[in-house]
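Peer 1: Contents of target01.txt (compact mmCIF, C-alpha atoms) are given next:
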```txt
# COMPACT_ATOMS: atom_id res chain seq x y z
CA MET A 11 -54.38 14.54 -52.42
CA ASP A 12 -53.69 10.82 -52.53
CA ALA A 13 -50.29 9.70 -51.28
CA GLU A 14 -47.97 8.36 -53.92
CA PRO A 15 -47.84 4.55 -53.73
CA ALA A 16 -44.51 2.92 -53.02
CA ARG A 17 -42.70 1.62 -56.06
CA GLY A 18 -42.97 -2.12 -56.48
CA PRO A 19 -40.27 -4.62 -57.44
CA ALA A 20 -38.04 -3.78 -60.37
CA LEU A 21 -39.28 -4.93 -63.74
CA PRO A 22 -37.04 -7.54 -65.35
CA ALA A 23 -34.30 -6.21 -67.60
CA GLN A 24 -34.88 -9.40 -69.58
CA PRO A 25 -37.19 -12.43 -69.15
CA HIS A 26 -36.77 -14.08 -65.78
CA PRO A 27 -34.67 -17.23 -66.31
CA ALA A 28 -35.41 -19.06 -63.08
CA ARG A 29 -39.10 -19.93 -63.24
CA SER A 30 -41.58 -20.69 -66.00
CA ALA A 31 -44.60 -18.50 -66.63
CA PRO A 32 -47.87 -20.10 -65.48
CA TRP A 33 -50.30 -21.38 -68.11
CA ILE A 34 -53.11 -18.83 -68.31
CA LEU A 35 -56.01 -19.09 -70.77
CA MET A 36 -57.41 -15.91 -72.28
CA TYR A 37 -61.13 -15.67 -73.03
CA HIS A 38 -63.31 -12.72 -73.98
CA SER A 39 -66.96 -13.36 -74.81
CA ILE A 40 -68.92 -16.58 -74.13
CA THR A 41 -72.11 -16.48 -76.18
CA HIS A 42 -73.68 -17.38 -79.53
CA GLU A 43 -72.51 -14.99 -82.21
CA GLU A 44 -73.01 -15.24 -85.97
CA ARG A 45 -70.57 -12.45 -86.80
CA ASP A 46 -67.25 -12.51 -84.98
CA PRO A 47 -64.57 -10.67 -87.04
CA TYR A 48 -62.13 -10.41 -84.14
CA LEU A 49 -62.53 -14.09 -83.17
CA LEU A 50 -63.24 -13.16 -79.57
CA THR A 51 -66.32 -15.33 -79.04
CA VAL A 52 -66.55 -18.92 -77.79
CA SER A 53 -69.94 -20.60 -77.82
CA PRO A 54 -71.34 -21.75 -74.46
CA GLU A 55 -71.29 -25.35 -75.69
CA ARG A 56 -67.62 -25.18 -76.72
CA PHE A 57 -66.70 -23.43 -73.48
CA ALA A 58 -68.46 -26.12 -71.44
CA ALA A 59 -66.53 -28.80 -73.36
CA GLN A 60 -63.23 -27.01 -72.76
CA MET A 61 -63.87 -26.76 -69.02
CA ALA A 62 -64.98 -30.40 -68.89
CA TRP A 63 -61.71 -31.40 -70.56
CA LEU A 64 -59.70 -29.46 -67.97
CA ALA A 65 -61.57 -31.25 -65.19
CA ARG A 66 -61.21 -34.72 -66.78
CA SER A 67 -57.50 -34.21 -67.26
CA GLY A 68 -57.01 -33.49 -63.58
CA ARG A 69 -56.54 -29.75 -64.00
CA ARG A 70 -58.44 -27.04 -62.15
CA GLY A 71 -59.19 -23.61 -63.55
CA VAL A 72 -58.52 -20.75 -61.14
CA SER A 73 -58.27 -16.97 -61.05
CA VAL A 74 -54.85 -15.46 -61.57
CA ARG A 75 -55.00 -14.22 -57.98
CA GLU A 76 -55.45 -17.79 -56.76
CA LEU A 77 -52.89 -19.14 -59.21
CA LEU A 78 -50.12 -16.81 -58.05
CA ARG A 79 -50.86 -17.51 -54.40
CA ALA A 80 -50.68 -21.25 -55.07
CA ARG A 81 -47.40 -20.87 -56.96
CA ALA A 82 -45.91 -18.97 -54.05
CA ALA A 83 -46.88 -21.91 -51.82
CA GLY A 84 -45.56 -24.50 -54.27
CA ALA A 85 -49.06 -25.91 -54.86
CA ALA A 86 -49.90 -24.93 -58.45
CA ALA A 87 -48.83 -28.01 -60.40
CA ARG A 88 -52.29 -28.79 -61.85
CA LEU A 89 -53.76 -25.29 -61.86
CA VAL A 90 -54.60 -23.32 -64.99
CA GLY A 91 -55.37 -19.59 -64.95
CA LEU A 92 -58.73 -18.56 -66.46
CA THR A 93 -59.14 -14.94 -67.55
CA PHE A 94 -61.98 -13.04 -69.22
CA ASP A 95 -61.14 -9.70 -70.82
CA ASP A 96 -63.42 -6.70 -71.38
CA GLY A 97 -66.11 -7.52 -68.82
CA TYR A 98 -68.82 -8.80 -71.16
CA ALA A 99 -72.20 -9.44 -69.54
CA ASP A 100 -72.19 -12.97 -70.97
CA PHE A 101 -69.50 -13.90 -68.42
CA ALA A 102 -72.18 -13.88 -65.72
CA ARG A 103 -74.82 -15.57 -67.91
CA TYR A 104 -72.84 -18.37 -69.55
CA ALA A 105 -69.36 -18.74 -68.02
CA VAL A 106 -70.07 -18.53 -64.30
CA PRO A 107 -72.56 -21.47 -64.15
CA VAL A 108 -70.10 -23.75 -65.97
CA LEU A 109 -67.19 -22.71 -63.77
CA ARG A 110 -69.22 -23.26 -60.62
CA ARG A 111 -70.22 -26.72 -61.80
CA HIS A 112 -66.57 -27.74 -61.85
CA GLY A 113 -65.50 -25.86 -58.73
CA PHE A 114 -63.38 -23.48 -60.82
CA THR A 115 -62.67 -19.81 -60.22
CA ALA A 116 -61.66 -17.10 -62.73
CA SER A 117 -60.58 -13.49 -63.19
CA ALA A 118 -62.83 -10.98 -64.96
CA TYR A 119 -61.15 -7.77 -66.10
CA VAL A 120 -63.61 -4.91 -66.43
CA VAL A 121 -63.59 -1.30 -67.67
CA PRO A 122 -65.05 0.84 -64.85
CA ASP A 123 -65.93 3.88 -66.99
CA LEU A 124 -67.97 1.71 -69.37
CA LEU A 125 -69.88 -0.63 -67.03
CA GLY A 126 -73.42 -1.15 -68.28
CA GLY A 127 -72.43 0.03 -71.75
CA HIS A 128 -71.13 -1.72 -74.85
CA ASN A 129 -67.82 -2.58 -76.51
CA GLY A 130 -67.52 0.56 -78.57
CA TRP A 131 -63.76 0.01 -78.98
CA ASP A 132 -64.46 -2.78 -81.53
CA PRO A 133 -65.75 -0.77 -84.52
CA ASP A 134 -66.19 -3.74 -86.86
CA GLY A 135 -67.58 -6.23 -84.37
CA PRO A 136 -71.09 -6.79 -83.02
CA ARG A 137 -72.20 -4.62 -80.10
CA LYS A 138 -71.97 -6.66 -76.92
CA PRO A 139 -73.36 -5.52 -73.55
CA LEU A 140 -70.91 -5.16 -70.69
CA LEU A 141 -71.43 -6.14 -67.08
CA THR A 142 -73.39 -3.62 -65.07
CA VAL A 143 -72.29 -2.05 -61.80
CA ASP A 144 -74.68 -4.32 -59.88
CA GLN A 145 -73.37 -7.42 -61.63
CA VAL A 146 -69.75 -6.54 -60.83
CA VAL A 147 -70.64 -5.98 -57.18
CA GLU A 148 -72.46 -9.33 -57.05
CA LEU A 149 -69.64 -11.21 -58.73
CA ALA A 150 -67.04 -9.76 -56.38
CA ALA A 151 -69.22 -10.57 -53.35
CA ALA A 152 -69.51 -14.16 -54.60
CA GLY A 153 -65.72 -14.54 -54.70
CA TRP A 154 -64.89 -13.99 -58.37
CA GLU A 155 -61.76 -11.94 -58.94
CA ILE A 156 -62.53 -8.55 -60.45
CA GLY A 157 -59.53 -6.87 -62.03
CA SER A 158 -58.99 -3.71 -64.04
CA HIS A 159 -58.87 -3.52 -67.83
CA GLY A 160 -58.01 0.17 -67.74
CA LEU A 161 -60.33 3.04 -66.97
CA SER A 162 -61.68 3.35 -70.52
CA HIS A 163 -60.10 0.55 -72.57
CA ARG A 164 -57.31 2.67 -74.05
CA ARG A 165 -54.10 1.22 -75.48
CA LEU A 166 -51.46 2.17 -72.90
CA PRO A 167 -48.21 2.38 -74.90
CA GLY A 168 -47.70 5.95 -76.06
CA LEU A 169 -49.81 7.60 -73.36
CA SER A 170 -48.35 10.35 -71.20
CA ALA A 171 -47.35 9.66 -67.60
CA ASP A 172 -50.51 11.37 -66.34
CA GLU A 173 -52.70 9.38 -68.72
CA LEU A 174 -51.02 6.14 -67.68
CA ALA A 175 -51.61 6.95 -64.02
CA ASP A 176 -55.25 7.73 -64.77
CA GLN A 177 -55.80 4.44 -66.59
CA ALA A 178 -53.97 2.34 -63.99
CA ARG A 179 -54.39 4.06 -60.64
CA GLY A 180 -57.71 5.70 -61.47
CA SER A 181 -59.31 2.43 -62.56
CA ARG A 182 -58.06 0.63 -59.45
CA ARG A 183 -59.47 3.33 -57.19
CA ALA A 184 -62.84 3.25 -58.98
CA LEU A 185 -63.14 -0.53 -58.76
CA GLU A 186 -62.07 -0.72 -55.13
CA GLN A 187 -64.74 1.80 -54.22
CA LEU A 188 -67.24 -0.25 -56.19
CA VAL A 189 -66.48 -3.71 -54.79
CA GLY A 190 -65.49 -2.55 -51.31
CA GLY A 191 -62.18 -4.39 -51.30
CA PRO A 192 -58.74 -4.62 -52.87
CA VAL A 193 -58.29 -4.88 -56.64
CA THR A 194 -54.88 -6.41 -57.24
CA GLY A 195 -54.95 -7.55 -60.89
CA PHE A 196 -54.61 -5.56 -64.12
CA CYS A 197 -55.01 -6.65 -67.74
CA TYR A 198 -53.57 -4.50 -70.55
CA PRO A 199 -56.21 -3.48 -73.13
CA TYR A 200 -55.41 -5.15 -76.45
CA GLY A 201 -52.57 -6.93 -74.66
CA ALA A 202 -50.41 -3.91 -75.47
CA VAL A 203 -47.61 -3.19 -72.98
CA ASP A 204 -44.29 -1.39 -72.91
CA ARG A 205 -41.99 -0.54 -70.03
CA PRO A 206 -43.66 2.79 -69.07
CA ALA A 207 -47.07 1.08 -69.04
CA ALA A 208 -45.82 -1.80 -66.91
CA GLU A 209 -44.14 0.59 -64.50
CA ALA A 210 -47.32 2.66 -64.20
CA VAL A 211 -49.34 -0.47 -63.38
CA ARG A 212 -46.78 -1.60 -60.85
CA ASP A 213 -46.64 1.84 -59.22
CA ALA A 214 -50.44 1.97 -59.05
CA GLY A 215 -50.27 -0.81 -56.46
CA TYR A 216 -51.34 -3.85 -58.46
CA GLN A 217 -49.78 -7.19 -57.58
CA TYR A 218 -49.70 -8.49 -61.16
CA ALA A 219 -50.71 -7.68 -64.72
CA CYS A 220 -51.70 -9.84 -67.69
CA ALA A 221 -50.34 -9.29 -71.19
CA ILE A 222 -50.51 -11.77 -74.10
CA GLU A 223 -47.17 -12.50 -75.72
CA HIS A 224 -43.89 -13.57 -74.16
CA GLY A 225 -41.31 -10.80 -74.37
CA GLU A 226 -38.61 -8.83 -72.64
CA LEU A 227 -41.01 -7.68 -69.91
CA THR A 228 -42.37 -11.15 -69.16
CA GLY A 229 -42.80 -11.46 -65.42
CA ARG A 230 -45.31 -10.60 -62.74
CA PHE A 231 -46.32 -7.37 -64.51
CA ALA A 232 -46.51 -8.85 -68.01
CA LEU A 233 -47.82 -12.39 -67.64
CA PRO A 234 -48.19 -14.12 -71.02
CA ARG A 235 -51.48 -15.84 -71.82
CA CYS A 236 -52.83 -18.37 -74.29
CA TYR A 237 -55.64 -17.25 -76.63
CA VAL A 238 -58.61 -19.64 -76.68
CA GLY A 239 -61.07 -19.66 -79.58
CA ASP A 240 -64.22 -21.45 -80.59
CA ARG A 241 -62.28 -24.05 -82.62
CA ASP A 242 -60.16 -25.18 -79.70
CA GLY A 243 -60.85 -28.71 -78.51
CA ALA A 244 -58.67 -30.93 -76.32
CA LEU A 245 -55.95 -31.57 -78.93
CA ARG A 246 -55.63 -27.92 -79.85
CA LEU A 247 -55.47 -26.90 -76.19
CA LEU A 248 -52.73 -29.45 -75.56
CA ALA A 249 -50.83 -28.10 -78.54
CA LYS A 250 -51.21 -24.57 -77.23
CA GLN A 251 -49.92 -25.63 -73.84
CA GLY A 252 -46.90 -27.14 -75.53
CA ARG A 253 -46.32 -23.95 -77.51
CA HIS A 254 -46.55 -21.95 -74.27
CA HIS A 255 -43.78 -24.07 -72.71
CA TRP A 256 -41.70 -23.79 -75.88
CA ARG A 257 -41.99 -20.01 -75.80
CA ASP A 258 -40.87 -20.09 -72.18
CA ALA A 259 -37.72 -21.88 -73.25
CA VAL A 260 -37.10 -19.53 -76.17
CA THR A 261 -37.37 -16.45 -73.95
CA GLY A 262 -35.00 -17.93 -71.40
CA LEU A 263 -37.48 -18.44 -68.58
CA ARG A 264 -36.16 -21.91 -67.80
CA ALA A 265 -32.46 -21.18 -67.92
CA THR A 266 -30.56 -22.39 -64.88
CA ALA A 267 -28.04 -19.56 -64.63
CA PRO A 268 -27.94 -17.65 -61.30
CA VAL A 269 -30.44 -14.79 -61.16
CA PRO A 270 -29.55 -11.37 -59.72
CA ALA A 271 -31.56 -10.67 -56.58
CA ALA A 272 -33.24 -7.65 -58.17
CA ARG A 273 -34.84 -9.92 -60.78
CA GLN A 274 -35.93 -12.75 -58.50
CA GLU A 275 -39.13 -10.83 -57.74
CA ALA A 276 -40.50 -11.15 -61.27
CA PHE A 277 -42.76 -14.13 -60.55
CA ARG A 278 -42.91 -14.13 -56.75
```
Using structure tokens, write down the structure from this file.

Peer 2:
Amino acid sequence: MDAEPARGPALPAQPHPARSAPWILMYHSITHEERDPYLLTVSPERFAAQMAWLARSGRRGVSVRELLRARAAGAAARLVGLTFDDGYADFARYAVPVLRRHGFTASAYVVPDLLGGHNGWDPDGPRKPLLTVDQVVELAAAGWEIGSHGLSHRRLPGLSADELADQARGSRRALEQLVGGPVTGFCYPYGAVDRPAAEAVRDAGYQYACAIEHGELTGRFALPRCYVGDRDGALRLLAKQGRHHWRDAVTGLRATAPVPAARQEAFR
């Protein structure tokens, strides 16, 4: 029987007021798609333009793993997190060559039980192939961060404690066996998170987790992210960055009041 992992830092009772959340962009599929009811697809041409704009503006796209390490060292001023949810096969075909061209890194969150399959969780969208086992192994060996998107892409809020442990701890164990190394990042399917889900992810041994919206759990285990779509050019991305900072202020992340020691771990 596996030993129970040590509990991680306490989740914030409210948004951490001492440090801002990093700017993290959220992508899904990079391909050509005529029918996109969920607005999850960015064309390769638009994606290349978005990455070129980041580079021209003096920013560098990085994985969340790299971003958090740089923040801890005080060296993340011009870094932007790049994340790709669901583990679509087009990440390897279209995104990776563009990212390599600019010297960027990124995080790909995959669903270990569904590798080599399709996105059956999107009933109204087009069927998209997912990364295969071999592709995930190759990407990890090449230095791309592979994180978990749950064991089977289930919405976590409302699941039992055993189901939460299966989705969080079970997916981490499966991916670590696959890539032969540590898997430290988690991304909540559908961006859905509540306190039991965040605690399950923390207790499964992850170092961070990505959500979508700012909220009461915002911190290391519920990092907010900025949705990026096919219509987003430089001006729209700048506007979204501004909105991200505004939401930080609204949720109290930049308040200057003293922070209890138990909550100073939220973004460390």

Peer 1: Between A:Gly229, A:Pro167, A:Arg75, A:Leu174, which residue has the minimum interatomic distance to A:Pro192, considering only C-alpha atoms?

Peer 2: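 Closest residue, counting only C-alpha atoms: A:Arg75.
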
Peer 1: I want to know what sits within 12 Å of A:Gly127, based on only C-alpha atoms, with residues of the same chain fewer than 6 positions away left out; could you give that as number ranges by chain?

Peer 2: A: 96-99, 120-121, 137-143, 162

Peer 1: Write out as a ChimeraX atom specification each polymer residue whose atoms come within 10 Å of stretch 102-108 of chain A, counting all atoms listed in the file; drop sequence neighbours fewer than 3 positions from it.

Peer 2: /A:39-41,53-55,57-59,61-62,94,97-99,111-116,118,141,145-146,148-149,154

Peer 1: In Å to one decimal, how far is atom CA of A:Leu124 from atom CA of A:Glu186?

Peer 2: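 Straight-line distance from atom CA of A:Glu186 to atom CA of A:Leu124 works out to 15.6 Å.
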
Peer 1: As number ranges by chain, please: the residues near A:Gly191 (cut-off 12 Å, only C-alpha atoms, same-chain neighbours under 2 positions excluded).

Peer 2: A: 147, 150-151, 153, 155-157, 182-189, 193-194

Peer 1: So, with only C-alpha atoms as the atoms that count, which of A:Pro206, A:Gly190, A:Gly195, A:Gly71 lies closest to A:Leu169?

Peer 2: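 For A:Leu169, the nearest of the candidates is A:Pro206.
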
Peer 1: Report the distance between atom CA of A:Leu77 and atom CA of A:Pro32 in Å, rounded to one decimal place.

Peer 2: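 One can read the atom CA of A:Leu77 to atom CA of A:Pro32 distance as 8.1 Å.
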
Peer 1: Restricting the calculation to all atoms listed in the file, which member of A:Ile222, A:Leu227, A:Ala207, A:Ala259 is positioned closest to A:Met36?

Peer 2: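 The closest residue to A:Met36 is A:Ile222.
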
Peer 1: Using only C-alpha atoms, find the one residue out of A:Gly130, A:Pro47, A:Pro234, A:Gly91 that sits nearest to A:Val203.

Peer 2: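 The shortest atom-to-atom distance to A:Val203 comes from A:Pro234.
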
Peer 1: Can you measure atom CA of A:Lys250 to atom CA of A:Cys197 for me? One decimal in Å is fine.

Peer 2: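 Calculated distance between atom CA of A:Lys250 and atom CA of A:Cys197 is 20.6 Å.
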
Peer 1: A:Pro136: which residues within 10 Å, counting only C-alpha atoms, same-chain residues fewer than 2 positions away excluded, as a PDB file with C-alpha atoms, in the coordinates of the input?

Peer 2:
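Final file, out.pdb:
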```
ATOM      1  CA  GLU A  43     -72.510 -14.990 -82.210  1.00  0.00           C
ATOM      2  CA  GLU A  44     -73.010 -15.240 -85.970  1.00  0.00           C
ATOM      3  CA  ARG A  45     -70.570 -12.450 -86.800  1.00  0.00           C
ATOM      4  CA  ASP A  46     -67.250 -12.510 -84.980  1.00  0.00           C
ATOM      5  CA  PRO A  47     -64.570 -10.670 -87.040  1.00  0.00           C
ATOM      6  CA  TYR A  48     -62.130 -10.410 -84.140  1.00  0.00           C
ATOM      7  CA  HIS A 128     -71.130  -1.720 -74.850  1.00  0.00           C
ATOM      8  CA  ASN A 129     -67.820  -2.580 -76.510  1.00  0.00           C
ATOM      9  CA  GLY A 130     -67.520   0.560 -78.570  1.00  0.00           C
ATOM     10  CA  ASP A 132     -64.460  -2.780 -81.530  1.00  0.00           C
ATOM     11  CA  PRO A 133     -65.750  -0.770 -84.520  1.00  0.00           C
ATOM     12  CA  ASP A 134     -66.190  -3.740 -86.860  1.00  0.00           C
ATOM     13  CA  LYS A 138     -71.970  -6.660 -76.920  1.00  0.00           C
ATOM     14  CA  PRO A 139     -73.360  -5.520 -73.550  1.00  0.00           C
TER      15      PRO A 139
END
```

Peer 1: For A:Cys236, list every protein, DNA or RNA residue within 10 Å, evaluated using only C-alpha atoms, and leave out those in the same chain fewer than 5 positions away; present the list as a list in words.

Peer 2: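 Here the answer would be Trp33, Ile34, Leu35, Met36, Tyr37, Gly91, Leu92, Thr93, Ala221, Ile222, Glu223, Leu247, Lys250, Gln251, Arg253 and His254 of chain A.
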
Peer 1: Got a minute to add N, CA, C and O atoms to stretch 118-130 of chain A and dump it as a compact mmCIF listing (two decimals), keeping the file's coordinate frame?

Peer 2:
```txt
# COMPACT_ATOMS: atom_id res chain seq x y z
N ALA A 118 -62.11 -11.79 -63.97
CA ALA A 118 -62.83 -10.98 -64.96
C ALA A 118 -62.27 -9.57 -64.91
O ALA A 118 -62.31 -8.92 -63.85
N TYR A 119 -61.75 -9.09 -66.03
CA TYR A 119 -61.15 -7.77 -66.10
C TYR A 119 -62.13 -6.81 -66.75
O TYR A 119 -62.51 -7.00 -67.91
N VAL A 120 -62.53 -5.79 -66.00
CA VAL A 120 -63.61 -4.91 -66.43
C VAL A 120 -63.11 -3.48 -66.63
O VAL A 120 -62.04 -3.11 -66.15
N VAL A 121 -63.91 -2.69 -67.33
CA VAL A 121 -63.59 -1.30 -67.67
C VAL A 121 -64.54 -0.40 -66.88
O VAL A 121 -65.70 -0.23 -67.27
N PRO A 122 -64.10 0.17 -65.75
CA PRO A 122 -65.05 0.84 -64.85
C PRO A 122 -65.81 2.00 -65.47
O PRO A 122 -66.98 2.22 -65.13
N ASP A 123 -65.22 2.75 -66.39
CA ASP A 123 -65.93 3.88 -66.99
C ASP A 123 -67.04 3.45 -67.95
O ASP A 123 -67.89 4.26 -68.32
N LEU A 124 -67.03 2.16 -68.35
CA LEU A 124 -67.97 1.71 -69.37
C LEU A 124 -68.95 0.65 -68.87
O LEU A 124 -69.68 0.05 -69.66
N LEU A 125 -68.98 0.39 -67.57
CA LEU A 125 -69.88 -0.63 -67.03
C LEU A 125 -71.33 -0.31 -67.40
O LEU A 125 -71.77 0.83 -67.31
N GLY A 126 -72.04 -1.33 -67.85
CA GLY A 126 -73.42 -1.15 -68.28
C GLY A 126 -73.55 -0.66 -69.70
O GLY A 126 -74.67 -0.51 -70.20
N GLY A 127 -72.40 -0.44 -70.37
CA GLY A 127 -72.43 0.03 -71.75
C GLY A 127 -72.16 -1.10 -72.73
O GLY A 127 -72.58 -2.24 -72.52
N HIS A 128 -71.44 -0.76 -73.81
CA HIS A 128 -71.13 -1.72 -74.85
C HIS A 128 -69.67 -1.60 -75.26
O HIS A 128 -68.97 -0.66 -74.86
N ASN A 129 -69.21 -2.54 -76.07
CA ASN A 129 -67.82 -2.58 -76.51
C ASN A 129 -67.57 -1.67 -77.71
O ASN A 129 -67.24 -2.12 -78.80
N GLY A 130 -67.68 -0.40 -77.49
CA GLY A 130 -67.52 0.56 -78.57
C GLY A 130 -66.12 0.61 -79.14
O GLY A 130 -65.91 1.20 -80.20
```
